[in-house]
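Below you'll find the structure, written out as structure tokens, and then a few comments.
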Amino acid sequence: MSILGTRVVRVEDPDLLTIGGKYVDDLAPADAVHLTFVRSVMAHALITSIDTSEAASLPGVVGVFTAADLGLEEVPPSMGLVNQKMLRTWLASDRVRYVGDPIVAIASETRQVGVDAAELVFVDYEPLDAVVDPADALEGNTLLYPNHVENNICFEVPGESDDSFFDDCEVTVTLQFKNPRLAVAPIEPRSTIAKWSKAEDGTPQLTQWATTQGAHGTRDTLAGATGTAPENVRVICPDVGGAFGGKNGGYPEDIVVSLVARVLDRPVRWHETRSENMTNMVHSRGCDFTGTLGGDRDGTMKAFRHHTLQDGGAYPAVGSVLPFISKMVATGVYKIPKLEFSATAVVTNTTPMGAYRGAGRPEATHAIERMVDVFAAEVGMDPGEVRRRNFIQPDDFPYANPAGANMDSGEYEKALDAVLSYANYTELRAEQARRREDPSASLMGLGFCSYVEIANPVNNGEFGSIEVHPDGSATVLTGSSSHGQGHHTAFAQVAADLTGIPFEKIEVRHGDTAEVVRGGGTGGSKSLQVGGSAVYKASEEVIDRAREVAATMLEANPDDIVHDADNGTFAVTGTPARALDWGEIAMHVNSVEDVALLAEHDFAGPGPTFPFGVHLSVVEIDRDTGLVSALRHIACDDAGIMVNPMIVDGQVHGGVASGIAAALAEVVSYDEYGNPQTGNFMDYAILSAAELPSFERLEQETPTPLNPLGAKGIGESGTIGATPSVQNAVIDALAHMGVRHIEMPTTPERVWRSMNEASRA
């Protein structure tokens, strides 16, 4: 009986819910010193002097380190696509570029002493004008890197403009709008521990515990920064309390911790505060759109022009190049034949921008889905019907969209029909009309989003292995990295289904570069489609190996050996009475050949997959206050074949929650001088369950031919679909008043002002 596709309860959860997890900060050696960072209090300034003498003399302080003390030099961005002349040091030495920029590292016996010592470091600044708005940065009146480049542009996606682009369109609509900057805000902030030792031959070796999405990528970053061969760096990634893209790659603090540990010859630990996390972990989104969508009055969409102005933050990184990924799905699920896409990313005096749940795809979806609603309003057609008329059809796949992306499979109209039927859409529209006629009733709005995701957009591969032990149990290793997604359960299901080894006898391990030989880590919703496929292929290979061994033990031809996946046994065709189980075969291999019964596989998929879905948001708005309440959220998210529908539900629920929050409340903000206004959870409006409805999820499976599981990614889908549908619903609630657009987040103040301005008009 197959275990794939069943709602197996997650094996990770009992320990997390009872005894708790083992996180980086729980694992520090007893003699580890604490590191505290002195950070810039100015968004943009020259550093004229740094006085650390009083801090160094404080009892309990082990060492105080500036860039000069650690011999740090300017280095180019690790992301090769961005402007390589925008150099930085891991500790700011001559110039600070955002509030929170690390300047000094203090090692102390206790955290408390480190905090006190930080107050005794005196940094003299020569203030410079801060550039907070990307539009101002584009003008270039104030440069963040005046010694290296002549403007603030760090990355561009060039696009050609054709004056005749919309000539065959009966209707064009244009809108300028924003996708607000968001904080990743994981429950567990960043944390790391570094310890140096020596091999028998005297070679220095670094062991670093890291809260990261990819142990091997972190290892390589630390190796390069410390001048150590990768084989002499071991990274251990224990339990991780959420990541969402923000724990990808090496941060300056991680590198400085390893360097200070080497200087002191003692273990060094660092665990950031929530305020540090809010101002130093990468932010994401934060872009301005200019869109023009053209088509005919029958609802046919023909041409889409899209320009993104991307905020890159102070130091350009992966967040600056995300428009390149946005381009790949810029026309969404629609058969729009013509696309003009361009993007410009600029540096600003704000926290650097990185990846956050969706990373480029939510931005692309927001742009096209907002424009589709504006277009539908212009041609006087229901927004659901406009979407239906323009869907790419199932027979069109594989489909090459105008950006050149080769989309694998999709059933978009089927998903829309499922949502409309389940929601009783006709009755919802009738209820909306009744409320509009009743001045005592709150207003109702309905908003769609039909999206397509691109999972594993850069087509990374992944490592997987399975070793069967003499007791009949098995160990699965994966180069992927778990931070709450349920990898241990899903990967064990894959191995159990193929091998017949009981699910409860399979242990999945990850996150230690000394044990897992290689790996790509987690990101871009790729874990199951490539990591799970690697485990799948390794399981097939260990079955083939076991069949050969069984043939020797049973004195038969390997071609005559039958593997029974239901019972986990091997027997000669026609003689099932004499069957060998996994334990017997593994014991034979161990004793006779003195090797493990083991198979490894590196799965390199032929391309990314394209999950998709349709969301319908139902909101109500208080006429007096502008308060928006999410009444219902109906989501049909199709991620191909589901290994564990319960895990898929959880991923969708988490994504929808974050997507609704982005539409209604969340935004990272700065004042005109670059001072953060949302430095903790008192100011940054994360929604709780009390502000969210019970999500209504509809299952649909459209397999991909690109991997043996038929699975696509699901980790980011809910986020991508929820945000535009909620924003569209808010605007739909006020459309009869003449409201055409409201920026996100659609706060009560913004909604109230829009209603009142519409009433006056």
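Letters A, B, ... mark the chains of the structure tokens in the order given; residue numbers begin at 1 per chain; ligand numbers begin at 1, in order shown.
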Secondary structure check, helix (DSSP H, G or I) residues of segment 139-340 of chain A, as a PyMOL selection string | chain A and resi 139+215-226+230-232+252-264+274-280+318-328
What's the 8 Å shell around segment 223-232 of chain A, counting only C-alpha atoms, without same-chain residues fewer than 3 positions away, as a PDB file with C-alpha atoms, in the first residue's frame?
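Result file follows (around23.pdb):
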ATOM      1  CA  THR A 203      45.867  22.454   9.859  1.00  0.00           C
ATOM      2  CA  PRO A 204      43.433  25.018  11.317  1.00  0.00           C
ATOM      3  CA  GLN A 205      39.834  23.839  11.171  1.00  0.00           C
ATOM      4  CA  LEU A 206      36.687  25.881  11.690  1.00  0.00           C
ATOM      5  CA  ARG A 219      30.516  26.691   4.550  1.00  0.00           C
ATOM      6  CA  ASP A 220      31.809  27.990   1.246  1.00  0.00           C
ATOM      7  CA  ILE A 255      32.058  36.103   9.147  1.00  0.00           C
ATOM      8  CA  SER A 258      34.566  33.295  12.852  1.00  0.00           C
ATOM      9  CA  LEU A 259      37.400  35.837  12.549  1.00  0.00           C
TER      10      LEU A 259
END
So which residues touch Asp136 of chain A within 10 Å, counting only C-alpha atoms, skipping near sequence neighbours fewer than 5 positions away, as a list in words?
->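 In the requested format, the answer is Ala130, Val131, Asn141, Thr142, Asn152, Val346 and Thr348 of chain A.
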Please write the residues from the selection above to a file, keeping N, CA and C atoms, as a short mmCIF file (atom, residue, chain, number, x, y, z; two decimals), in the first residue's frame.
data_model
loop_
_atom_site.label_atom_id
_atom_site.label_comp_id
_atom_site.auth_asym_id
_atom_site.auth_seq_id
_atom_site.Cartn_x
_atom_site.Cartn_y
_atom_site.Cartn_z
N ALA A 130 20.84 61.49 3.45
CA ALA A 130 20.36 60.12 3.30
C ALA A 130 19.42 60.03 2.10
N VAL A 131 19.50 58.93 1.41
CA VAL A 131 18.63 58.65 0.27
C VAL A 131 17.77 57.45 0.64
N ASN A 141 21.56 62.52 -6.99
CA ASN A 141 22.11 63.74 -6.40
C ASN A 141 23.03 63.44 -5.21
N THR A 142 22.73 62.36 -4.49
CA THR A 142 23.59 61.89 -3.42
C THR A 142 24.01 60.46 -3.75
N ASN A 152 23.76 55.51 -8.55
CA ASN A 152 23.34 54.55 -7.53
C ASN A 152 22.72 53.28 -8.12
N VAL A 346 18.40 50.19 -7.48
CA VAL A 346 19.27 51.24 -6.96
C VAL A 346 19.56 50.97 -5.49
N THR A 348 20.01 52.36 -1.63
CA THR A 348 19.46 53.41 -0.77
C THR A 348 20.04 53.24 0.62
#
Shell around Asp254 of chain A at 12 Å using only C-alpha atoms, local window under 4 positions removed, as a PyMOL selection string = chain A and resi 35+37+90-91+102+105+190-194+208-212+218-219+221-223+225-226+235+247-250+258-261+268-272+281
What would the file look like if the residues just selected were written as a short mmCIF file (atom, residue, chain, number, x, y, z; two decimals), in the first residue's frame with N, CA, C and O atoms?
data_model
loop_
_atom_site.label_atom_id
_atom_site.label_comp_id
_atom_site.auth_asym_id
_atom_site.auth_seq_id
_atom_site.Cartn_x
_atom_site.Cartn_y
_atom_site.Cartn_z
N LEU A 35 29.53 37.86 21.53
CA LEU A 35 29.89 38.97 20.66
C LEU A 35 28.72 39.96 20.60
O LEU A 35 27.56 39.56 20.47
N PHE A 37 27.63 43.75 18.75
CA PHE A 37 28.02 44.67 17.69
C PHE A 37 27.59 46.09 18.03
O PHE A 37 26.46 46.33 18.48
N TRP A 90 33.29 44.17 6.06
CA TRP A 90 32.32 43.49 6.92
C TRP A 90 32.01 44.30 8.17
O TRP A 90 30.92 44.20 8.73
N LEU A 91 32.96 45.11 8.61
CA LEU A 91 32.70 46.13 9.63
C LEU A 91 32.97 47.47 8.98
O LEU A 91 34.04 47.67 8.39
N PRO A 102 27.04 47.43 10.98
CA PRO A 102 27.98 47.07 12.05
C PRO A 102 29.32 47.78 11.89
O PRO A 102 29.87 47.86 10.79
N ALA A 105 32.96 45.13 16.88
CA ALA A 105 32.55 43.88 17.52
C ALA A 105 33.23 43.77 18.87
O ALA A 105 34.45 43.96 18.98
N ARG A 190 18.70 35.56 13.92
CA ARG A 190 19.95 34.95 13.48
C ARG A 190 20.83 34.60 14.69
O ARG A 190 20.78 35.26 15.72
N SER A 191 21.65 33.57 14.50
CA SER A 191 22.50 33.11 15.59
C SER A 191 23.63 32.30 14.99
O SER A 191 23.45 31.60 13.99
N THR A 192 24.81 32.39 15.59
CA THR A 192 25.94 31.60 15.10
C THR A 192 26.98 31.42 16.19
O THR A 192 27.10 32.24 17.10
N ILE A 193 27.72 30.33 16.10
CA ILE A 193 28.82 30.01 17.03
C ILE A 193 30.00 29.54 16.19
O ILE A 193 29.83 28.73 15.27
N ALA A 194 31.19 30.02 16.50
CA ALA A 194 32.40 29.61 15.78
C ALA A 194 33.42 29.06 16.75
O ALA A 194 33.61 29.61 17.85
N GLN A 208 31.49 25.78 12.62
CA GLN A 208 30.55 26.88 12.85
C GLN A 208 29.13 26.33 12.86
O GLN A 208 28.69 25.66 11.93
N TRP A 209 28.42 26.62 13.97
CA TRP A 209 27.01 26.31 14.07
C TRP A 209 26.25 27.52 13.51
O TRP A 209 26.51 28.66 13.90
N ALA A 210 25.31 27.27 12.63
CA ALA A 210 24.67 28.39 11.93
C ALA A 210 23.19 28.14 11.77
O ALA A 210 22.76 27.02 11.47
N THR A 211 22.41 29.18 11.97
CA THR A 211 20.99 29.12 11.65
C THR A 211 20.85 29.56 10.19
O THR A 211 20.79 30.74 9.89
N THR A 212 20.83 28.59 9.31
CA THR A 212 20.96 28.87 7.88
C THR A 212 20.05 27.97 7.07
O THR A 212 19.62 26.91 7.53
N THR A 218 26.83 28.15 3.24
CA THR A 218 27.42 28.89 4.36
C THR A 218 28.87 28.47 4.55
O THR A 218 29.74 29.30 4.81
N ARG A 219 29.14 27.18 4.45
CA ARG A 219 30.52 26.69 4.55
C ARG A 219 31.42 27.35 3.52
O ARG A 219 32.52 27.84 3.85
N THR A 221 31.01 30.19 1.96
CA THR A 221 31.17 31.61 2.25
C THR A 221 32.20 31.83 3.35
O THR A 221 33.08 32.69 3.25
N LEU A 222 32.11 31.04 4.42
CA LEU A 222 33.06 31.17 5.53
C LEU A 222 34.46 30.78 5.09
O LEU A 222 35.45 31.41 5.51
N ALA A 223 34.56 29.76 4.26
CA ALA A 223 35.88 29.35 3.78
C ALA A 223 36.55 30.48 3.00
O ALA A 223 37.73 30.79 3.21
N ALA A 225 35.88 33.73 3.17
CA ALA A 225 36.13 34.91 3.99
C ALA A 225 37.28 34.73 4.96
O ALA A 225 37.96 35.70 5.32
N THR A 226 37.51 33.49 5.41
CA THR A 226 38.58 33.24 6.38
C THR A 226 39.84 32.70 5.73
O THR A 226 40.84 32.46 6.43
N VAL A 235 30.20 23.13 8.87
CA VAL A 235 29.02 23.89 9.28
C VAL A 235 27.96 22.92 9.76
O VAL A 235 27.65 21.93 9.08
N LYS A 247 17.52 33.66 5.76
CA LYS A 247 18.70 33.01 6.33
C LYS A 247 19.48 32.29 5.25
O LYS A 247 20.06 31.23 5.47
N ASN A 248 19.53 32.90 4.10
CA ASN A 248 20.25 32.34 2.96
C ASN A 248 21.53 33.13 2.75
O ASN A 248 21.49 34.34 2.57
N GLY A 249 22.66 32.46 2.78
CA GLY A 249 23.92 33.15 2.52
C GLY A 249 24.58 33.64 3.78
O GLY A 249 24.02 33.59 4.87
N GLY A 250 25.82 34.14 3.66
CA GLY A 250 26.59 34.59 4.81
C GLY A 250 26.41 36.07 5.07
O GLY A 250 26.53 36.90 4.17
N SER A 258 33.51 34.28 13.12
CA SER A 258 34.57 33.29 12.85
C SER A 258 35.95 33.92 12.94
O SER A 258 36.90 33.29 13.44
N LEU A 259 36.09 35.17 12.49
CA LEU A 259 37.40 35.84 12.55
C LEU A 259 37.80 36.15 13.98
O LEU A 259 38.96 35.98 14.37
N VAL A 260 36.86 36.62 14.79
CA VAL A 260 37.17 36.92 16.19
C VAL A 260 37.52 35.64 16.94
O VAL A 260 38.43 35.62 17.78
N ALA A 261 36.82 34.55 16.65
CA ALA A 261 37.13 33.28 17.31
C ALA A 261 38.55 32.84 16.99
O ALA A 261 39.25 32.28 17.86
N VAL A 268 33.28 31.58 20.01
CA VAL A 268 32.57 32.85 20.05
C VAL A 268 31.14 32.61 19.61
O VAL A 268 30.88 31.92 18.62
N ARG A 269 30.20 33.18 20.34
CA ARG A 269 28.78 33.04 20.04
C ARG A 269 28.14 34.40 19.83
O ARG A 269 28.55 35.38 20.45
N TRP A 270 27.14 34.43 18.95
CA TRP A 270 26.39 35.68 18.73
C TRP A 270 24.94 35.32 18.47
O TRP A 270 24.62 34.42 17.69
N HIS A 271 24.07 36.00 19.17
CA HIS A 271 22.63 35.81 18.99
C HIS A 271 22.00 37.19 18.96
O HIS A 271 22.12 37.94 19.92
N GLU A 272 21.35 37.52 17.85
CA GLU A 272 20.89 38.89 17.70
C GLU A 272 19.59 39.15 18.45
O GLU A 272 18.79 38.24 18.70
N MET A 281 18.61 41.84 9.37
CA MET A 281 18.26 40.77 8.45
C MET A 281 17.66 41.42 7.22
O MET A 281 16.95 42.43 7.31
#
Would you list the contacts of Gly626 of chain A as a PyMOL selection string, taking every protein, DNA or RNA residue within 8 Å and counting only C-alpha atoms, but skipping same-chain residues closer than 6 positions in sequence?
-> chain A and resi 747-752+755
For segment 168-185 of chain A, work out the shell of residues within 7 Å, counting only C-alpha atoms and skipping chain neighbours fewer than 2 positions away, then give it as a ChimeraX atom specification.
-> /A:166,187,244,246,278,283-297,302,356,363,374-375,666-668,743-744
Please indicate the distance in Å from atom CA of Ser617 of chain A to atom CA of Arg436 of chain A, rounded to one decimal place.
->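 Interatomic distance, atom CA of Ser617 of chain A to atom CA of Arg436 of chain A: 17.9 Å.
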Please provide the set of residues having any atom within 12 Å of Met682 of chain A, restricted to only C-alpha atoms, with same-chain residues fewer than 4 positions apart removed, written as number ranges by chain.
-> A: 274-275, 278, 666, 677-678, 686-687
Keeping only C-alpha atoms, write the selected residues to a file as a compact mmCIF listing (two decimals), in the first residue's frame.
# COMPACT_ATOMS: atom_id res chain seq x y z
CA ARG A 274 14.77 41.35 17.76
CA SER A 275 15.58 44.99 17.00
CA MET A 278 14.39 43.96 12.15
CA GLU A 666 2.84 44.89 7.10
CA GLN A 677 10.22 53.41 12.16
CA THR A 678 9.46 49.68 12.48
CA ILE A 686 2.40 41.22 12.00
CA LEU A 687 -1.11 39.77 12.00
For each of A:Asp101, A:Glu462, A:Asp94, A:Glu369, take the minimum atom-to-atom distance to Lys537 of chain A, counting only C-alpha atoms, then give the residue where this is smallest.
->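 Closest to Lys537 of chain A, using only C-alpha atoms: A:Glu462.
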Step one, run DSSP on the backbone; step two, keep only residues of segment 208-250 of chain A assigned to strand (DSSP E or B); then write them as a PyMOL selection string.
-> chain A and resi 208-210+233-236
Quick one: of A:Gly532, A:Gly486, A:Gly721, A:Gly679, who's nearest to Arg10 of chain A, counting only C-alpha atoms?
->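 Ranked by minimum distance to Arg10 of chain A, first place goes to A:Gly486.
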With only C-alpha atoms as the atoms that count, which of A:Ala377, A:Ala711, A:Phe610, A:Tyr251 lies nearest to Tyr536 of chain A?
->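 Of all the options, A:Ala711 lies closest to Tyr536 of chain A.
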